[in-house]
Structure formats: structure tokens, C-alpha cells
Amino acid sequence: MKFTLAPKPPFDFQKMMQRLTVTGKTHVLKLNEQFTKYEKIIRIDDVYCYIKVVSSGTVNQPFLECIIKPLNGEVNEREVKNKIQQLFSTEIDLSPLYKHFAVHNELANVLNRFEGLKLLTDTDLFESIVKIIIGQQVNLTFAGTLTERLIEAAGEEVEIEGEVFQVFPTPEAVSKLTYEDLRELQFSQRKAEYIIDLAKLIADGKLHLESLWTMTDEQVIDTLLPIRGIGKWTIECLLIFGMGRTDVLPAADIGLRNAIRKVWQLTEQPTEEEVRKLAENWKPWRTYITYYLWESLNQTPAVVDHT
């Protein structure tokens with residue numbers, strides 16, 4: 001299956017790929033040195049699919065050449081296109097955001113610096129939540145190590161034209177692990193419990209992650225918040241990096257508050273309430289302004305446990 005997508009400009013594919021190497025999120029995908037090609041095995045309707053996306057054109061006239069090979073079943077081309085559009089945020093038009101804040105005292109330079117950087121969402125909501133849980137209270141390097149160990153323990157390997165791809169484990173596979181299995185991989189007891197218990201909820205049919213797509217942000221929060229190990233910050237990160245929602249404000253996040261302090265040249269870090277007040281006029285783009293402010297510090301969301 002082959003097709004070409006024309007993302008809404010500006011769209012800087014290379015910035016999006018380069019960010020993955022900075023944050024260490026390349027466990028189950030392959031990038032080329034020019035940051036113009038993305039390859040990964042993803043699941044679409046429970047069918048494993050090899051996808052290759054190659055960028056061409058320019059930031060202001062971008063094209064994505066897409067090749068998809070279903071590996072263990074059939075997939076609908078429309079669903080595949082929708083999935084890739086969602087992954088790469090191709091249908092999000094950021095030009096109103098840039099225009100509105102073009103002369104903003106504090107934000108203009110930040111937005112200009114990262115112009116064309118769109119969210120590259122995780123390919124799977126389970127993968128996204130698990131990686132967010134792993135990232136709590138540890139540094140990026142160790143979070144990456146733990147993620148790699150989980151993939152090796154419960155994931156699969158698929159060979160495509162001589163290249164071996166790792167596939168992030170399914171909830172069913174993770175649910176078969178014991179807490180001790182993860183403890184031996186240097187997961188904390190709490191993280192081992194959070195991840196395996198979440199996987200069991202999904203595997204047992206008590207939690208349907210795909211149903212989140214039809215919910216409002218508030219409904220997603222209400223659905224997931226009762227689950228042990230999933231706090232509001234975790235859900236906010238899921239809404240951003242798993243679902244690509246454009247108006248999410250994780251006001252308690254330390255990284256965001258540090259970035260605001262730096263960009264606004266404040267003497268002290270703002271409180272959560274001060275962030276909410278400041279961000280009132282960011283609507284409906286609070287996600288992207290937050291995202292760019294995080295990037296201005298060259299970091300992902302602060303690794304703090306808000307469960």
C-alpha cells in the first residue's frame with residue numbers, strides 16, 4: 001500500500017525526527033541520519049503493519065511518501081491514512097497560532113524557534129501510558145533503559161527485508177509478567193504494579209483504551225484517574241503525546257513552570273495557579289505552547305510523580 005500525504009504547513013519533519021533522538025524515544029523505530037525517514041512496526045486493528053514514511057518537499061510545501069505492509073492480516077487504506085495523519089499531526093494547522101502570537105513579548109521568539117514542529121504521537125495508547133509511567137521520578141536515560149528492558153522482556157521482533165524491528169509489547173503480553181519479573185529489570189515495586197495491573201485491566205476487558213478517542217479531555221481524565229498509578233499529570237501527557245490533543249495545560253509540571261520562569265524572566269518559579277492564569281490567553285493552543293516551552297529547555301515533561 002502506497003500513498004502520499006500533504007501535511008498542512010508549516011510542517012518540519014526533520015525537527016520532529018531529531019527531537020526523538022534528543023529524548024531517547026527511538027526504541028522501536030528506525031530513523032536515517034538525515035532525519036527524513038521513519039520506519040516502525042505498528043498495530044492497526046490488531047494487525048501488525050510495517051510503515052515507512054519519507055519526507056519530501058519543504059517546510060512550507062511538505063509531502064510524506066508512505067509505504068505500508070500489513071504483516072498478519074488486512075487493513076483498510078482509509079484507516080491507515082487516518083492513523084498516519086494522527087501520528088504525524090498532519091491535519092493540524094498551526095498558522096493561526098503563529099500569527100496570533102507573532103508580536104507577543106515572551107512567546108514570539110519561542111514559537112519562531114520551533115516553527116513547524118508538530119506533535120509526533122505514540123502509535124499506541126498503551127505504549128504511551130506505560131512510557132509515561134516509566135518516566136516518572138527517573139531521568140530520561142534510565143527511563144529509556146527501563147523501556148528497552150520491558151520491550152525485550154515482553155515485546156516481539158519482526159524482520160523486514162533483513163532489518164529487525166522491535167515491537168512494543170501488547171497489554172496481553174505484559175499482563176503475563178509478574179511484579180518480580182519487572183523488579184529484576186530494576187523497575188520499582190510501585191511501577192511494576194502500576195504497569196502490570198494496567199495491562200491486566202485491558203487484557204481482561206475492563207478498560208477499553210480505544211474508547212478514549214471519542215471522549216472529551218475531561219472524560220478521559222475522569223475515566224483514567226481512578227486507576228492506581230495514573231495521576232492527572234500522566235493523563236495530561238497521554239492527551240498530548242498519545243492523543244495529540246491541542247489544548248491541554250499540565251500546569252503543575254515542573255518543566256513547564258521552569259520554562260515560564262526563564263522565558264518571562266521571573267525571579268521565582270510560578271505556582272500552578274499562576275500558570276493557569278497566565279495560560280488563559282493561550283487557548284486553544286495550550287498544548288503547543290507548552291510543548292514549545294518544554295523544548296526551549298531541551299527536555300520532555302519533568303519526570304515528577306503526580307499520581
# chains A, B, ... in the order shown; residues from 1 in each chain; ligands from 1
$ closest_atom_pairs --of "stretch 57-126 of chain A" --to "stretch 250-259 of chain A" --cutoff "12 Å" --atoms "only C-alpha atoms" --output "JSON lines"
{"residue": "A:Glu106", "atom": "CA", "partner": "A:Ala259", "partner_atom": "CA", "distance": 11.1}
{"residue": "A:Leu107", "atom": "CA", "partner": "A:Ala259", "partner_atom": "CA", "distance": 11.1}
{"residue": "A:Val110", "atom": "CA", "partner": "A:Ala259", "partner_atom": "CA", "distance": 10.5}
$ select_by_dssp --residues "stretch 21-226 of chain A" --states "strand (DSSP E)" --output "JSON, numbers by chain"
{"A": [29, 30, 31, 37, 38, 39, 40, 41, 42, 43, 44, 47, 48, 49, 50, 51, 52, 53, 54, 55, 56, 57, 62, 63, 64, 65, 66, 67, 68, 69, 70, 156, 157, 158, 159, 160, 163, 164, 165, 166, 167]}
$ write_last_selection --atoms "N, CA and C atoms" --output "tab-separated table (two decimals), in the first residue's frame"
chain	number	residue	atom	x	y	z
A	29	LEU	N	11.71	2.14	16.68
A	29	LEU	CA	11.65	2.71	15.34
A	29	LEU	C	13.05	2.96	14.81
A	30	LYS	N	13.11	3.17	13.51
A	30	LYS	CA	14.40	3.44	12.88
A	30	LYS	C	14.31	4.76	12.12
A	31	LEU	N	15.37	5.57	12.27
A	31	LEU	CA	15.48	6.85	11.58
A	31	LEU	C	16.76	6.84	10.76
A	37	LYS	N	13.46	9.95	7.17
A	37	LYS	CA	12.76	8.66	7.04
A	37	LYS	C	12.44	8.08	8.40
A	38	TYR	N	11.23	7.56	8.52
A	38	TYR	CA	10.72	6.99	9.77
A	38	TYR	C	10.20	5.60	9.45
A	39	GLU	N	10.67	4.59	10.18
A	39	GLU	CA	10.20	3.22	9.97
A	39	GLU	C	9.82	2.60	11.31
A	40	LYS	N	8.71	1.88	11.32
A	40	LYS	CA	8.26	1.28	12.57
A	40	LYS	C	7.23	0.19	12.27
A	41	ILE	N	7.11	-0.76	13.19
A	41	ILE	CA	6.02	-1.72	13.15
A	41	ILE	C	4.95	-1.22	14.11
A	42	ILE	N	3.75	-1.01	13.61
A	42	ILE	CA	2.65	-0.54	14.45
A	42	ILE	C	1.48	-1.50	14.31
A	43	ARG	N	0.52	-1.37	15.22
A	43	ARG	CA	-0.69	-2.18	15.15
A	43	ARG	C	-1.86	-1.30	14.71
A	44	ILE	N	-2.58	-1.77	13.71
A	44	ILE	CA	-3.80	-1.11	13.25
A	44	ILE	C	-4.89	-2.17	13.25
A	47	VAL	N	-3.70	-5.66	13.59
A	47	VAL	CA	-2.85	-6.16	12.51
A	47	VAL	C	-1.50	-5.46	12.59
A	48	TYR	N	-0.43	-6.25	12.62
A	48	TYR	CA	0.90	-5.66	12.60
A	48	TYR	C	1.17	-5.10	11.21
A	49	CYS	N	1.62	-3.85	11.17
A	49	CYS	CA	1.91	-3.20	9.89
A	49	CYS	C	3.29	-2.57	9.94
A	50	TYR	N	4.07	-2.84	8.92
A	50	TYR	CA	5.33	-2.11	8.73
A	50	TYR	C	5.00	-0.82	8.01
A	51	ILE	N	5.44	0.31	8.59
A	51	ILE	CA	5.22	1.59	7.92
A	51	ILE	C	6.55	2.28	7.68
A	52	LYS	N	6.67	2.85	6.51
A	52	LYS	CA	7.82	3.69	6.18
A	52	LYS	C	7.30	5.01	5.67
A	53	VAL	N	7.73	6.08	6.32
A	53	VAL	CA	7.30	7.43	5.95
A	53	VAL	C	8.54	8.23	5.60
A	54	VAL	N	8.57	8.75	4.38
A	54	VAL	CA	9.71	9.52	3.90
A	54	VAL	C	9.26	10.94	3.58
A	55	SER	N	9.97	11.90	4.13
A	55	SER	CA	9.63	13.30	3.93
A	55	SER	C	10.25	13.83	2.65
A	56	SER	N	9.47	14.64	1.93
A	56	SER	CA	9.99	15.33	0.76
A	56	SER	C	9.37	16.72	0.71
A	57	GLY	N	9.76	17.53	-0.26
A	57	GLY	CA	9.24	18.88	-0.33
A	57	GLY	C	9.95	19.79	0.66
A	62	PRO	N	5.14	20.62	2.26
A	62	PRO	CA	5.64	19.30	2.63
A	62	PRO	C	4.85	18.14	2.01
A	63	PHE	N	5.54	17.02	1.86
A	63	PHE	CA	4.90	15.79	1.41
A	63	PHE	C	5.47	14.62	2.21
A	64	LEU	N	4.61	13.65	2.46
A	64	LEU	CA	5.03	12.42	3.12
A	64	LEU	C	4.70	11.25	2.20
A	65	GLU	N	5.75	10.56	1.76
A	65	GLU	CA	5.56	9.36	0.95
A	65	GLU	C	5.45	8.17	1.92
A	66	CYS	N	4.32	7.47	1.86
A	66	CYS	CA	4.03	6.44	2.84
A	66	CYS	C	3.93	5.06	2.20
A	67	ILE	N	4.62	4.11	2.79
A	67	ILE	CA	4.53	2.71	2.37
A	67	ILE	C	4.11	1.88	3.57
A	68	ILE	N	3.07	1.08	3.41
A	68	ILE	CA	2.54	0.26	4.50
A	68	ILE	C	2.43	-1.17	4.03
A	69	LYS	N	2.95	-2.09	4.86
A	69	LYS	CA	2.87	-3.52	4.55
A	69	LYS	C	2.22	-4.24	5.73
A	70	PRO	N	0.94	-4.64	5.60
A	70	PRO	CA	0.32	-5.45	6.65
A	70	PRO	C	1.04	-6.80	6.74
A	156	GLU	N	7.94	-8.26	20.82
A	156	GLU	CA	8.28	-9.19	19.75
A	156	GLU	C	9.30	-8.55	18.82
A	157	GLU	N	9.91	-9.40	18.01
A	157	GLU	CA	10.81	-8.92	16.97
A	157	GLU	C	10.27	-9.34	15.61
A	158	VAL	N	10.32	-8.42	14.66
A	158	VAL	CA	9.84	-8.69	13.31
A	158	VAL	C	10.95	-8.32	12.33
A	159	GLU	N	11.22	-9.21	11.38
A	159	GLU	CA	12.26	-8.93	10.39
A	159	GLU	C	11.62	-8.50	9.08
A	160	ILE	N	12.06	-7.34	8.58
A	160	ILE	CA	11.58	-6.80	7.31
A	160	ILE	C	12.79	-6.54	6.43
A	163	GLU	N	16.08	-6.28	8.07
A	163	GLU	CA	16.13	-5.37	9.23
A	163	GLU	C	15.23	-5.93	10.33
A	164	VAL	N	15.75	-5.94	11.55
A	164	VAL	CA	14.97	-6.43	12.69
A	164	VAL	C	14.35	-5.25	13.43
A	165	PHE	N	13.04	-5.31	13.60
A	165	PHE	CA	12.30	-4.27	14.31
A	165	PHE	C	11.75	-4.85	15.61
A	166	GLN	N	11.90	-4.10	16.68
A	166	GLN	CA	11.25	-4.47	17.93
A	166	GLN	C	9.84	-3.90	17.92
A	167	VAL	N	8.93	-4.63	18.53
A	167	VAL	CA	7.54	-4.19	18.61
A	167	VAL	C	7.17	-4.04	20.08
$ closest_atom_pairs --of "stretch 104-165 of chain A" --to "stretch 71-85 of chain A" --cutoff "12 Å" --atoms "only C-alpha atoms" --output "Markdown table"
| residue | atom | partner | partner_atom | distance |
| --- | --- | --- | --- | --- |
| A:Lys118 | CA | A:Gln85 | CA | 11.5 |
| A:Leu119 | CA | A:Gln85 | CA | 11.0 |
| A:Leu120 | CA | A:Ile84 | CA | 9.9 |
| A:Thr121 | CA | A:Ile84 | CA | 9.8 |
| A:Asp122 | CA | A:Lys83 | CA | 10.7 |
| A:Thr123 | CA | A:Lys83 | CA | 8.2 |
| A:Asp124 | CA | A:Lys83 | CA | 10.2 |
| A:Val158 | CA | A:Leu71 | CA | 9.3 |
| A:Glu159 | CA | A:Leu71 | CA | 10.4 |
| A:Ile160 | CA | A:Leu71 | CA | 9.7 |
$ write_last_selection --atoms "C-alpha atoms" --output "tab-separated table (two decimals), in the first residue's frame"
chain	number	residue	atom	x	y	z
A	118	LYS	CA	4.31	19.26	15.31
A	119	LEU	CA	3.49	16.54	17.78
A	120	LEU	CA	4.59	13.07	16.75
A	121	THR	CA	2.24	10.97	18.83
A	122	ASP	CA	2.82	7.47	20.08
A	123	THR	CA	1.40	4.77	17.86
A	124	ASP	CA	-0.44	3.03	20.66
A	158	VAL	CA	9.84	-8.69	13.31
A	159	GLU	CA	12.26	-8.93	10.39
A	160	ILE	CA	11.58	-6.80	7.31
$ residues_around --residues "A:Met243" --least-positions-apart "4" --cutoff "12 Å" --atoms "only C-alpha atoms" --output "count of residues only"
35
$ residues_around --residues "A:Pro169" --least-positions-apart "6" --cutoff "7 Å" --atoms "only C-alpha atoms" --output "ChimeraX atom specification"
/A:151,154-156
$ residues_around --residues "A:Leu182" --least-positions-apart "6" --cutoff "12 Å" --atoms "only C-alpha atoms" --output "short mmCIF file (atom, residue, chain, number, x, y, z; two decimals) with N, CA, C and O atoms, in the first residue's frame"
data_model
loop_
_atom_site.label_atom_id
_atom_site.label_comp_id
_atom_site.auth_asym_id
_atom_site.auth_seq_id
_atom_site.Cartn_x
_atom_site.Cartn_y
_atom_site.Cartn_z
N ILE A 134 6.74 4.89 33.26
CA ILE A 134 8.16 4.57 33.42
C ILE A 134 8.97 5.85 33.66
O ILE A 134 9.91 5.86 34.46
N LEU A 146 14.81 1.35 31.03
CA LEU A 146 13.70 0.53 31.52
C LEU A 146 12.73 0.18 30.40
O LEU A 146 12.23 -0.95 30.32
N THR A 147 12.46 1.14 29.53
CA THR A 147 11.57 0.89 28.40
C THR A 147 12.15 -0.20 27.51
O THR A 147 11.43 -1.13 27.08
N GLU A 148 13.44 -0.11 27.24
CA GLU A 148 14.11 -1.11 26.41
C GLU A 148 14.01 -2.49 27.05
O GLU A 148 13.75 -3.50 26.36
N ARG A 149 14.18 -2.55 28.35
CA ARG A 149 14.13 -3.85 29.04
C ARG A 149 12.72 -4.44 29.00
O ARG A 149 12.56 -5.66 28.85
N LEU A 150 11.71 -3.60 29.12
CA LEU A 150 10.34 -4.09 29.03
C LEU A 150 10.06 -4.64 27.64
O LEU A 150 9.42 -5.69 27.49
N ILE A 151 10.52 -3.93 26.62
CA ILE A 151 10.32 -4.38 25.24
C ILE A 151 11.00 -5.73 25.02
O ILE A 151 10.42 -6.65 24.42
N GLU A 152 12.21 -5.88 25.54
CA GLU A 152 12.93 -7.14 25.37
C GLU A 152 12.27 -8.27 26.13
O GLU A 152 12.28 -9.43 25.70
N ALA A 153 11.65 -7.93 27.28
CA ALA A 153 11.04 -8.97 28.12
C ALA A 153 9.70 -9.45 27.57
O ALA A 153 9.37 -10.64 27.68
N ALA A 154 8.93 -8.54 26.96
CA ALA A 154 7.56 -8.93 26.59
C ALA A 154 7.19 -8.60 25.15
O ALA A 154 6.12 -8.99 24.68
N VAL A 174 2.18 -8.11 28.51
CA VAL A 174 2.65 -7.53 29.77
C VAL A 174 1.88 -8.10 30.95
O VAL A 174 2.44 -8.32 32.03
N SER A 175 0.60 -8.39 30.75
CA SER A 175 -0.23 -8.91 31.85
C SER A 175 0.25 -10.27 32.33
O SER A 175 -0.06 -10.69 33.45
N LYS A 176 1.02 -10.98 31.50
CA LYS A 176 1.52 -12.30 31.88
C LYS A 176 2.81 -12.23 32.69
O LYS A 176 3.27 -13.24 33.22
N SER A 188 10.87 -0.21 39.96
CA SER A 188 10.47 -0.14 41.36
C SER A 188 9.24 -1.02 41.57
O SER A 188 8.54 -1.37 40.61
N GLN A 189 8.99 -1.38 42.80
CA GLN A 189 7.82 -2.22 43.09
C GLN A 189 6.54 -1.52 42.63
O GLN A 189 5.65 -2.14 42.03
N ARG A 190 6.44 -0.23 42.91
CA ARG A 190 5.22 0.51 42.55
C ARG A 190 5.03 0.54 41.04
O ARG A 190 3.93 0.32 40.54
N LYS A 191 6.11 0.82 40.29
CA LYS A 191 5.97 0.88 38.83
C LYS A 191 5.62 -0.49 38.25
O LYS A 191 4.84 -0.59 37.31
N ALA A 192 6.22 -1.52 38.81
CA ALA A 192 5.90 -2.87 38.36
C ALA A 192 4.41 -3.15 38.55
O ALA A 192 3.73 -3.69 37.66
N GLU A 193 3.89 -2.76 39.70
CA GLU A 193 2.47 -2.97 39.98
C GLU A 193 1.59 -2.13 39.07
O GLU A 193 0.60 -2.62 38.51
N TYR A 194 1.93 -0.86 38.90
CA TYR A 194 1.13 0.03 38.06
C TYR A 194 1.02 -0.52 36.63
O TYR A 194 -0.07 -0.57 36.05
N ILE A 195 2.17 -0.91 36.07
CA ILE A 195 2.20 -1.31 34.67
C ILE A 195 1.49 -2.65 34.45
O ILE A 195 0.66 -2.79 33.54
N ILE A 196 1.78 -3.63 35.30
CA ILE A 196 1.16 -4.94 35.12
C ILE A 196 -0.33 -4.90 35.45
O ILE A 196 -1.15 -5.51 34.74
#
$ atom_distance --atom1 "atom CA of A:Tyr288" --atom2 "atom CA of A:Lys8"
15.4 Å
$ select_by_dssp --residues "stretch 106-153 of chain A" --states "alpha helix (DSSP H)" --output "ChimeraX atom specification"
/A:107-113,125-135,140-153
$ atom_distance --atom1 "atom CA of A:Gln136" --atom2 "atom CA of A:Lys262"
23.2 Å
$ atom_distance --atom1 "atom CA of A:Asn105" --atom2 "atom CA of A:Glu273"
21.4 Å
$ decode --residues "stretch 40-148 of chain A" --atoms "C-alpha atoms" --output "CSV table (one decimal), in the first residue's frame"
chain,number,residue,atom,x,y,z
A,40,LYS,CA,8.3,1.3,12.6
A,41,ILE,CA,6.0,-1.7,13.2
A,42,ILE,CA,2.7,-0.5,14.4
A,43,ARG,CA,-0.7,-2.2,15.2
A,44,ILE,CA,-3.8,-1.1,13.3
A,45,ASP,CA,-6.9,-3.0,14.3
A,46,ASP,CA,-4.7,-5.7,15.8
A,47,VAL,CA,-2.9,-6.2,12.5
A,48,TYR,CA,0.9,-5.7,12.6
A,49,CYS,CA,1.9,-3.2,9.9
A,50,TYR,CA,5.3,-2.1,8.7
A,51,ILE,CA,5.2,1.6,7.9
A,52,LYS,CA,7.8,3.7,6.2
A,53,VAL,CA,7.3,7.4,6.0
A,54,VAL,CA,9.7,9.5,3.9
A,55,SER,CA,9.6,13.3,3.9
A,56,SER,CA,10.0,15.3,0.8
A,57,GLY,CA,9.2,18.9,-0.3
A,58,THR,CA,9.8,21.8,2.0
A,59,VAL,CA,8.6,23.0,5.4
A,60,ASN,CA,6.0,25.2,3.6
A,61,GLN,CA,5.2,22.7,0.9
A,62,PRO,CA,5.6,19.3,2.6
A,63,PHE,CA,4.9,15.8,1.4
A,64,LEU,CA,5.0,12.4,3.1
A,65,GLU,CA,5.6,9.4,0.9
A,66,CYS,CA,4.0,6.4,2.8
A,67,ILE,CA,4.5,2.7,2.4
A,68,ILE,CA,2.5,0.3,4.5
A,69,LYS,CA,2.9,-3.5,4.6
A,70,PRO,CA,0.3,-5.5,6.7
A,71,LEU,CA,2.1,-8.5,8.1
A,72,ASN,CA,-0.6,-10.7,9.6
A,73,GLY,CA,-3.9,-9.6,8.1
A,74,GLU,CA,-5.6,-6.9,6.1
A,75,VAL,CA,-6.2,-3.3,6.9
A,76,ASN,CA,-8.4,-0.6,5.4
A,77,GLU,CA,-6.4,2.1,3.5
A,78,ARG,CA,-8.6,4.8,4.9
A,79,GLU,CA,-7.9,3.7,8.4
A,80,VAL,CA,-4.2,3.5,7.6
A,81,LYS,CA,-4.2,7.1,6.3
A,82,ASN,CA,-6.1,8.3,9.3
A,83,LYS,CA,-3.6,6.6,11.6
A,84,ILE,CA,-0.6,8.2,9.9
A,85,GLN,CA,-2.4,11.6,9.8
A,86,GLN,CA,-2.9,11.2,13.6
A,87,LEU,CA,0.6,10.1,14.3
A,88,PHE,CA,2.3,13.0,12.5
A,89,SER,CA,-0.4,15.6,13.3
A,90,THR,CA,-0.6,16.4,9.5
A,91,GLU,CA,-4.1,17.9,9.7
A,92,ILE,CA,-3.3,20.4,12.5
A,93,ASP,CA,-2.9,23.9,11.0
A,94,LEU,CA,-0.5,25.8,13.3
A,95,SER,CA,-0.5,29.0,11.2
A,96,PRO,CA,-3.2,30.7,13.4
A,97,LEU,CA,-1.1,30.0,16.5
A,98,TYR,CA,2.0,31.6,14.9
A,99,LYS,CA,0.0,34.6,13.5
A,100,HIS,CA,-1.7,35.3,16.8
A,101,PHE,CA,1.5,35.4,18.9
A,102,ALA,CA,3.8,36.9,16.2
A,103,VAL,CA,4.4,40.0,18.3
A,104,HIS,CA,4.0,38.5,21.7
A,105,ASN,CA,6.7,39.8,24.0
A,106,GLU,CA,7.6,36.4,25.5
A,107,LEU,CA,6.3,33.8,23.1
A,108,ALA,CA,7.2,35.2,19.7
A,109,ASN,CA,10.8,34.1,19.8
A,110,VAL,CA,10.0,30.6,21.2
A,111,LEU,CA,7.3,30.0,18.5
A,112,ASN,CA,9.6,31.2,15.8
A,113,ARG,CA,12.4,28.9,17.0
A,114,PHE,CA,10.3,25.8,16.8
A,115,GLU,CA,8.1,26.8,13.9
A,116,GLY,CA,6.8,23.7,12.0
A,117,LEU,CA,7.5,21.3,14.9
A,118,LYS,CA,4.3,19.3,15.3
A,119,LEU,CA,3.5,16.5,17.8
A,120,LEU,CA,4.6,13.1,16.8
A,121,THR,CA,2.2,11.0,18.8
A,122,ASP,CA,2.8,7.5,20.1
A,123,THR,CA,1.4,4.8,17.9
A,124,ASP,CA,-0.4,3.0,20.7
A,125,LEU,CA,-2.2,4.4,23.8
A,126,PHE,CA,-1.0,1.5,25.9
A,127,GLU,CA,2.6,2.2,24.8
A,128,SER,CA,2.1,5.9,25.6
A,129,ILE,CA,0.8,5.4,29.1
A,130,VAL,CA,3.4,2.8,30.0
A,131,LYS,CA,6.3,5.0,28.8
A,132,ILE,CA,4.8,8.0,30.8
A,133,ILE,CA,4.6,5.8,34.0
A,134,ILE,CA,8.2,4.6,33.4
A,135,GLY,CA,9.4,8.2,33.1
A,136,GLN,CA,8.1,9.3,36.5
A,137,GLN,CA,10.7,10.1,39.0
A,138,VAL,CA,13.7,8.9,36.9
A,139,ASN,CA,15.9,10.6,34.4
A,140,LEU,CA,15.5,10.2,30.7
A,141,THR,CA,18.4,7.9,30.2
A,142,PHE,CA,17.2,5.4,32.9
A,143,ALA,CA,13.6,5.7,31.6
A,144,GLY,CA,14.9,4.7,28.2
A,145,THR,CA,16.8,1.8,29.7
A,146,LEU,CA,13.7,0.5,31.5
A,147,THR,CA,11.6,0.9,28.4
A,148,GLU,CA,14.1,-1.1,26.4
